[in-house]
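Take a look at the structure below.
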Amino acid sequence: MSPFTGSAARTPAWEHLRVEHSDGVATVTLARPDKLNALTFGAYADLRDLLAELSRERSVRALVLAGEGRGFCSGGDVDEIIGATLSMGTAQLLDFNRMTGQVVRAIRECPFPVIAALHGVAAGAGAVLALAADFRVADPTARFAFLFTRVGLSGGDMGAAYLLPRVVGLGHATRLLMLGDAVRAPEAERIGLISELTEEGRADEAAQDLARRLADGPALAYAQTKALLTSELDMPLAASIELDASTQALLMNGEDYAEFHAAFTEKRPPKWRGR
């Protein structure tokens with residue numbers, strides 16, 4: 001996303017999220033523990049707008065997305081969303097579904113790694129938010145359930161039919177999206193849905209450790225790697241190789257590449273600038 005902004009000021013507070021910053025690491029917490037962090041219209045909109053704002057600021061080098069209480073996120077709030085959508089017309093429903101998809105696009109397109117810290121349930125839209133992250137760090141209590149067909153809707157919601165086969169393969173994705181069965185942490189790790197499985201109760205801590213490692217590293221190299229991973233999913237090999245070549249040529253003119261050589265020569269750790 002472009003760093004150029006209009007006259008709008010930075011949002012001072014977010015009603016539906018808890019947002020904390022610490023030396024390049026942003027922690028965004030879904031904070032409705034009494035509702036298993038079920039998402040509302042406002043929560044979706046806040047996530048979309050927050051990610052766009054952080055992308056423009058370029059002050060964040062890694063982001064942790066977490067859930068407060070007994071689980072990560074139980075999906076869309078049954079009363080506040082499902083009940084409300086029953087009275088909406090097609091135009092309103094299209095606007096809503098486009099907004100939820102914009103959250104996933106924002107996670108995939110923001111110029112910093114996103115780490116989902118998972119414990120307990122990640123269901124419905126919560127499972128897709130975790131799927132869209134670059135890393136999924138989970139403890140043994142974590143379980144994923146793509147529940148869309150269980151409520152009479154397509155399993156391909158919010159980009160799930162695009163992303164899930166690319167993470168776990170078409171066979172597993174078909175089973176998970178068609179049947180909506182829960183996948184517990186051991187199986188999720190086996191099929192590649194979990195990046196790191198921690199001890200119970202340690203997912204948040206491990207996610208913060210990973211975020212710190214990423215934030216202290218070559219931010220521009222990470223941003224370009226993420227961009228290539230997303231862009232090249234649908235490219236032929238020749239186009240991918242050409243995009244890789246032009247990206248590397250740009251980065252070879254960057255300060256971090258020269259800093260690595262200087263640090264190697266001087267036998268010291270690099271001081272990454274993200275440039």
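By order in the structure tokens, chains are A, B, ...; within a chain, residues start at 1; ligands start at 1, following the order shown.
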Exercise. Can you tell me, as a PyMOL selection string, what residues are no more than 10 Å from region 235-251 of chain A when counting only C-alpha atoms, ignoring any on the same chain fewer than 4 positions away?
Worked result: chain A and resi 220-221+224-225+228-231+255-258+275
For this session: Find the spatial neighbours of Glu187 (chain A), counting only C-alpha atoms, within a cut-off of 12 Å - ignore same-chain residues fewer than 5 positions away - and output them as a ChimeraX atom specification.
Result: /A:140-144,168,172,176,182,192-194,197
For this session: List every residue of region 50-247 of chain A that DSSP, applied to the backbone of this structure, places in alpha helix (DSSP H), and write the result as number ranges by chain.
Result: A: 50-57, 83-85, 90-109, 125-132, 160-168, 170-179, 185-190, 203-215, 219-231, 237-247
Given only C-alpha atoms, how would the per-residue table for region 216-264 of chain A near region 24-47 of chain A read, listing every residue at most 12 Å away with its closest atom pair and distance in Å to one decimal, sorted by chain and number, as CSV?
```
residue,atom,partner,partner_atom,distance
A:Asp216,CA,A:Gly24,CA,8.3
A:Gly217,CA,A:Gly24,CA,10.9
A:Ala219,CA,A:Gly24,CA,10.2
```
Exercise. DSSP says strand (DSSP E or B) for which residues of region 36-97 of chain A? Put them as a count of residues only?
Worked result: 9
Problem set entry | Spatial neighbours of Ile115 (chain A), max dist 8 Å, only C-alpha atoms, sep filter under 2 positions, as a list in words | Ala62, Leu63, Val64, Leu65, Pro113, Ala117, Ala133, Asp134, Phe135, Arg136, Val137, Ala207 and Ala211 of chain A
